[in-house]
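A.B. asks: Supplied structure: my_file09.cif, mmCIF, C-alpha atoms.
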data_final
#
loop_
_atom_site.group_PDB
_atom_site.id
_atom_site.type_symbol
_atom_site.label_atom_id
_atom_site.label_comp_id
_atom_site.auth_asym_id
_atom_site.auth_seq_id
_atom_site.Cartn_x
_atom_site.Cartn_y
_atom_site.Cartn_z
ATOM 1 C CA MET E 1 56.210 40.117 -0.750
ATOM 2 C CA VAL E 2 57.603 43.640 -0.436
ATOM 3 C CA THR E 3 58.379 44.677 3.132
ATOM 4 C CA VAL E 4 58.891 48.241 4.248
ATOM 5 C CA THR E 5 60.305 49.294 7.594
ATOM 6 C CA ALA E 6 61.279 52.600 9.102
ATOM 7 C CA ALA E 7 63.083 53.287 12.331
ATOM 8 C CA THR E 8 63.483 57.065 12.129
ATOM 9 C CA VAL E 9 61.334 58.264 9.238
ATOM 10 C CA SER E 10 57.678 59.012 8.684
ATOM 11 C CA SER E 11 55.346 56.491 7.102
ATOM 12 C CA ALA E 12 54.811 58.945 4.214
ATOM 13 C CA THR E 13 58.555 58.900 3.472
ATOM 14 C CA VAL E 14 58.646 55.103 3.557
ATOM 15 C CA SER E 15 55.508 54.861 1.420
ATOM 16 C CA SER E 16 56.994 57.302 -1.081
ATOM 17 C CA ALA E 17 60.218 55.281 -1.383
ATOM 18 C CA GLN E 18 58.235 52.082 -1.853
ATOM 19 C CA GLU E 19 56.076 53.664 -4.578
ATOM 20 C CA ILE E 20 59.134 55.050 -6.370
ATOM 21 C CA VAL E 21 60.899 51.677 -6.419
ATOM 22 C CA ALA E 22 57.703 49.853 -7.421
ATOM 23 C CA SER E 23 57.230 52.221 -10.389
ATOM 24 C CA VAL E 24 60.605 51.490 -12.018
ATOM 25 C CA MET E 25 60.070 49.816 -15.382
ATOM 26 C CA ASP E 26 61.705 46.511 -16.304
ATOM 27 C CA PRO E 27 64.354 47.317 -18.956
ATOM 28 C CA GLU E 28 63.720 44.111 -20.956
ATOM 29 C CA MET E 29 59.908 44.182 -20.832
ATOM 30 C CA PRO E 30 59.117 47.891 -20.337
ATOM 31 C CA LEU E 31 55.390 47.259 -20.147
ATOM 32 C CA LEU E 32 56.027 45.840 -16.639
ATOM 33 C CA THR E 33 57.197 47.579 -13.504
ATOM 34 C CA LEU E 34 59.660 45.843 -11.207
ATOM 35 C CA ALA E 35 56.720 45.387 -8.815
ATOM 36 C CA ASP E 36 54.674 43.711 -11.588
ATOM 37 C CA LEU E 37 57.616 41.414 -12.287
ATOM 38 C CA GLY E 38 57.980 40.556 -8.595
ATOM 39 C CA VAL E 39 61.706 41.225 -8.303
ATOM 40 C CA ILE E 40 61.467 43.717 -5.400
ATOM 41 C CA ARG E 41 62.113 41.921 -2.115
ATOM 42 C CA SER E 42 62.228 44.851 0.301
ATOM 43 C CA VAL E 43 62.474 48.623 0.640
ATOM 44 C CA ASP E 44 63.856 49.889 3.968
ATOM 45 C CA VAL E 45 64.379 53.546 4.876
ATOM 46 C CA GLU E 46 66.592 54.848 7.675
ATOM 47 C CA ALA E 47 66.997 58.617 7.893
ATOM 48 C CA ASN E 48 67.913 59.652 4.323
ATOM 49 C CA LEU E 49 69.255 56.232 3.302
ATOM 50 C CA VAL E 50 67.167 53.782 1.270
ATOM 51 C CA TYR E 51 68.033 50.079 1.231
ATOM 52 C CA VAL E 52 66.488 48.120 -1.634
ATOM 53 C CA THR E 53 66.730 44.360 -2.080
ATOM 54 C CA ILE E 54 65.937 42.818 -5.451
ATOM 55 C CA THR E 55 65.992 39.268 -6.821
ATOM 56 C CA PRO E 56 66.917 38.836 -10.495
ATOM 57 C CA THR E 57 64.827 36.661 -12.777
ATOM 58 C CA TYR E 58 68.081 34.816 -13.618
ATOM 59 C CA SER E 59 71.246 34.875 -11.507
ATOM 60 C CA GLY E 60 73.129 36.221 -14.533
ATOM 61 C CA CYS E 61 70.363 38.572 -15.718
ATOM 62 C CA PRO E 62 71.999 41.219 -17.945
ATOM 63 C CA ALA E 63 69.316 43.765 -16.986
ATOM 64 C CA MET E 64 70.360 43.905 -13.303
ATOM 65 C CA ALA E 65 72.779 46.807 -13.768
ATOM 66 C CA THR E 66 70.083 48.841 -15.517
ATOM 67 C CA MET E 67 67.528 47.975 -12.820
ATOM 68 C CA ARG E 68 69.963 49.135 -10.123
ATOM 69 C CA ASP E 69 70.750 52.370 -11.986
ATOM 70 C CA ASP E 70 67.078 53.122 -12.624
ATOM 71 C CA ILE E 71 66.130 52.513 -8.973
ATOM 72 C CA GLU E 72 68.998 54.666 -7.718
ATOM 73 C CA HIS E 73 68.285 57.525 -10.148
ATOM 74 C CA LYS E 74 64.551 57.603 -9.372
ATOM 75 C CA LEU E 75 65.194 57.671 -5.621
ATOM 76 C CA THR E 76 67.947 60.319 -5.764
ATOM 77 C CA ASP E 77 65.848 62.430 -8.159
ATOM 78 C CA ALA E 78 63.087 62.294 -5.521
ATOM 79 C CA GLY E 79 65.478 63.668 -2.900
ATOM 80 C CA TYR E 80 66.729 60.572 -1.115
ATOM 81 C CA GLY E 81 70.376 61.141 -0.235
ATOM 82 C CA SER E 82 71.823 57.684 -0.519
ATOM 83 C CA VAL E 83 70.683 54.380 -1.967
ATOM 84 C CA GLN E 84 72.081 50.918 -1.367
ATOM 85 C CA ILE E 85 70.841 48.073 -3.556
ATOM 86 C CA LYS E 86 71.406 44.457 -2.593
ATOM 87 C CA THR E 87 70.868 41.406 -4.781
ATOM 88 C CA GLN E 88 69.225 38.449 -3.051
ATOM 89 C CA LEU E 89 69.481 35.110 -4.865
ATOM 90 C CA SER E 90 67.689 32.942 -2.310
ATOM 91 C CA PRO E 91 64.943 32.101 -2.657
ATOM 92 C CA PRO E 92 65.382 32.234 -6.419
ATOM 93 C CA TRP E 93 62.891 34.289 -8.404
ATOM 94 C CA SER E 94 59.929 32.420 -9.855
ATOM 95 C CA SER E 95 57.588 33.403 -12.668
ATOM 96 C CA ASP E 96 54.861 32.726 -10.066
ATOM 97 C CA TRP E 97 55.931 36.062 -8.522
ATOM 98 C CA ILE E 98 54.608 38.038 -11.512
ATOM 99 C CA SER E 99 51.559 39.914 -10.235
ATOM 100 C CA GLU E 100 48.064 39.406 -11.661
ATOM 101 C CA GLU E 101 48.296 42.955 -13.009
ATOM 102 C CA GLY E 102 51.611 42.082 -14.645
ATOM 103 C CA LEU E 103 50.126 38.966 -16.262
ATOM 104 C CA ALA E 104 47.214 41.055 -17.553
ATOM 105 C CA LYS E 105 49.650 43.596 -19.050
ATOM 106 C CA LEU E 106 51.560 40.787 -20.775
ATOM 107 C CA ARG E 107 48.349 39.324 -22.221
ATOM 108 C CA THR E 108 47.204 42.743 -23.446
ATOM 109 C CA ALA E 109 50.572 43.274 -25.162
ATOM 110 C CA GLY E 110 50.259 39.942 -27.014
ATOM 111 C CA TYR E 111 52.564 37.787 -24.896
ATOM 112 C CA SER E 112 51.854 34.196 -23.982
ATOM 113 C CA VAL E 113 51.997 34.227 -20.170
ATOM 114 C CA PRO E 114 53.748 31.609 -18.060
ATOM 115 C CA GLY E 115 51.846 28.764 -16.487
ATOM 116 C CA ALA E 116 52.681 27.501 -13.021
ATOM 117 C CA ALA E 117 56.407 27.340 -12.382
ATOM 118 C CA PRO E 118 57.996 23.937 -11.888
ATOM 119 C CA ARG E 119 58.170 22.928 -8.234
ATOM 120 C CA ARG E 120 61.649 23.165 -6.811
ATOM 121 C CA THR E 121 63.196 20.323 -4.891
ATOM 122 C CA SER E 122 66.293 20.209 -2.775
ATOM 123 C CA GLY E 123 69.375 18.489 -4.085
ATOM 124 C CA PRO E 124 70.705 18.144 -7.599
ATOM 125 C CA ILE E 125 68.535 19.099 -10.550
ATOM 126 C CA ALA E 126 68.642 16.779 -13.535
ATOM 127 C CA LEU E 127 70.168 18.397 -16.619
ATOM 128 C CA THR E 128 68.188 18.050 -19.808
ATOM 129 C CA LEU E 129 69.565 19.335 -23.083
ATOM 130 C CA THR E 130 66.257 19.658 -24.906
ATOM 131 C CA ALA E 131 63.463 22.132 -24.374
ATOM 132 C CA LYS E 132 60.655 20.833 -22.192
ATOM 133 C CA PRO E 133 57.451 20.718 -24.269
ATOM 134 C CA ARG E 134 54.827 23.277 -23.276
ATOM 135 C CA ASP E 135 51.167 23.442 -24.202
ATOM 136 C CA ILE E 136 51.027 27.038 -25.433
ATOM 137 C CA LEU E 137 48.018 28.875 -26.827
ATOM 138 C CA CYS E 138 48.535 31.544 -29.452
ATOM 139 C CA PRO E 139 47.822 34.935 -27.835
ATOM 140 C CA GLN E 140 46.554 36.234 -31.207
ATOM 141 C CA CYS E 141 43.974 33.607 -32.202
ATOM 142 C CA GLY E 142 43.844 31.204 -29.244
ATOM 143 C CA SER E 143 44.950 28.165 -31.250
ATOM 144 C CA ALA E 144 46.841 25.357 -29.499
ATOM 145 C CA ASN E 145 48.516 24.532 -32.827
ATOM 146 C CA THR E 146 51.800 26.265 -31.956
ATOM 147 C CA ARG E 147 55.451 25.364 -32.424
ATOM 148 C CA LEU E 148 58.610 26.384 -30.602
ATOM 149 C CA SER E 149 60.893 28.350 -32.938
ATOM 150 C CA SER E 150 63.631 29.172 -30.422
ATOM 151 C CA GLU E 151 64.012 28.411 -26.720
ATOM 152 C CA PHE E 152 65.514 31.899 -26.347
ATOM 153 C CA GLY E 153 63.753 34.996 -27.577
ATOM 154 C CA ALA E 154 64.910 38.591 -27.312
ATOM 155 C CA THR E 155 65.680 37.938 -23.626
ATOM 156 C CA LEU E 156 66.592 34.807 -21.656
ATOM 157 C CA CYS E 157 63.207 34.733 -19.930
ATOM 158 C CA LYS E 158 61.249 34.440 -23.187
ATOM 159 C CA ALA E 159 60.913 31.708 -25.820
ATOM 160 C CA LEU E 160 59.854 32.367 -29.411
ATOM 161 C CA TYR E 161 56.862 30.469 -30.801
ATOM 162 C CA ARG E 162 54.856 30.518 -34.038
ATOM 163 C CA CYS E 163 51.183 29.771 -34.424
ATOM 164 C CA LEU E 164 50.675 27.227 -37.196
ATOM 165 C CA ASP E 165 47.094 28.425 -37.803
ATOM 166 C CA CYS E 166 47.370 32.227 -38.002
ATOM 167 C CA LEU E 167 51.144 32.028 -38.749
ATOM 168 C CA GLU E 168 51.955 34.810 -36.269
ATOM 169 C CA PRO E 169 55.150 34.611 -34.206
ATOM 170 C CA PHE E 170 54.866 35.413 -30.509
ATOM 171 C CA ASP E 171 56.904 35.521 -27.316
ATOM 172 C CA HIS E 172 56.152 33.196 -24.422
ATOM 173 C CA VAL E 173 57.331 34.255 -20.969
ATOM 174 C CA LYS E 174 58.938 31.110 -19.569
ATOM 175 C CA GLU E 175 57.901 29.281 -16.437
ATOM 176 C CA ILE E 176 60.847 29.528 -14.075
#
Before we go any further, please render this structure as structure tokens.
C.D. replies:
Amino acid sequence: MVTVTAATVSSATVSSAQEIVASVMDPEMPLLTLADLGVIRSVDVEANLVYVTITPTYSGCPAMATMRDDIEHKLTDAGYGSVQIKTQLSPPWSSDWISEEGLAKLRTAGYSVPGAAPRRTSGPIALTLTAKPRDILCPQCGSANTRLSSEFGATLCKALYRCLDCLEPFDHVKEI
């Protein structure tokens, strides 16, 4: 979903800027790049100015400031003169935007990966005060005998589970 345009620069310059932005690591799950996570919406280059648009996983994501700083530092270190980063909230980010490579990295690192995200509808969204049950397999032993320990793990986008067979705790990346 990343778009790259260039009015007055070479395609190599645009490609370089895109690769630099795509290589920035997610500060909360540093095994993933921002491209793996699917938060990069666009990279536009005009002369020596790079415009980057990103969508946070949550509208109040505490990692956004670090993402912005990391993108800006990588681009300026590569010689781009000025960087402008815009946050785009619509459409909202979905865990469906995590790339196949990103899902594979999560699995390899022992995470339980998200299933299909809930379908969004227009209008009000019903508020529920309890966690929605998920059928989660343990990433260590494959057992379905798992239990939610906490709806919030180390970050807002993860829930903490425990396998009742192998007794190992594990993070589940939530379906959003």
A.B. asks: Please put the answer as JSON: centre and edge lengths, in Å with one decimal, of a box along x, y and z that encloses all listed atoms of stretch 140-150 of chain E plus 8 Å on each side.
C.D. replies:
{"center_x": 53.7, "center_y": 30.4, "center_z": -31.1, "size_x": 35.8, "size_y": 27.7, "size_z": 19.7}
A.B. asks: Going by the chain IDs and residue numbers used in this file, which residues fall under the PyMOL selection byres ((chain E and resi 44-60) around 9)? Write them as a VMD selection string.
C.D. replies: chain E and resid 3 to 9 13 to 14 17 to 18 21 37 to 43 61 to 64 68 71 75 79 to 95 156 to 157 176
A.B. asks: Tell me, as a list in words, which residues lie within 6 Å of stretch 114-117 of chain E, counting all atoms listed in the file; anything in the same chain fewer than 2 positions away does not count.
C.D. replies: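 Result of the neighbour search: Val173, Lys174, Glu175 and Ile176 of chain E.
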A.B. asks: In Å, rounded to a single decimal, give me how far atom CA of E:Lys105 is from atom CA of E:Asp171.
C.D. replies: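 Between atom CA of E:Asp171 and atom CA of E:Lys105 the gap works out to 13.6 Å.
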A.B. asks: Find the residues near E:Ala35: any atom within 10 Å, counting only C-alpha atoms, skip ones fewer than 3 places away on the same chain, and give them as a PyMOL selection string.
C.D. replies: chain E and resi 1-2+18-19+21-26+32+38-41+97-99+101-102
A.B. asks: Which residue out of E:Leu164, E:Glu100, E:Thr76, E:Pro169 has the minimum interatomic distance to E:Ser150 when all atoms listed in the file are used?
C.D. replies: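 Of E:Leu164, E:Glu100, E:Thr76, E:Pro169, the one nearest E:Ser150, counting all atoms listed in the file, is E:Pro169.
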A.B. asks: Specify as number ranges by chain each residue included when the PyMOL selection byres ((chain E and resi 168) around 12) is applied to this file.
C.D. replies: E: 110-111, 137-143, 145-147, 149, 160-167, 169-171
A.B. asks: What is the atom CA of E:Val113-atom CA of E:Glu28 distance in Å, reported with one decimal?
C.D. replies: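 Atom-to-atom, atom CA of E:Val113 to atom CA of E:Glu28, that is 15.4 Å.
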A.B. asks: So how many Å separate atom CA of E:Glu72 and atom CA of E:Leu34, to one decimal?
C.D. replies: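 Between atom CA of E:Glu72 and atom CA of E:Leu34 the gap works out to 13.3 Å.
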A.B. asks: Which one is closest to E:Asp70: E:Pro27, E:Arg134, E:Ala104, E:Ser16? Count all atoms listed in the file.
C.D. replies: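 When distances to E:Asp70 are compared using all atoms listed in the file, the smallest one comes from E:Pro27.
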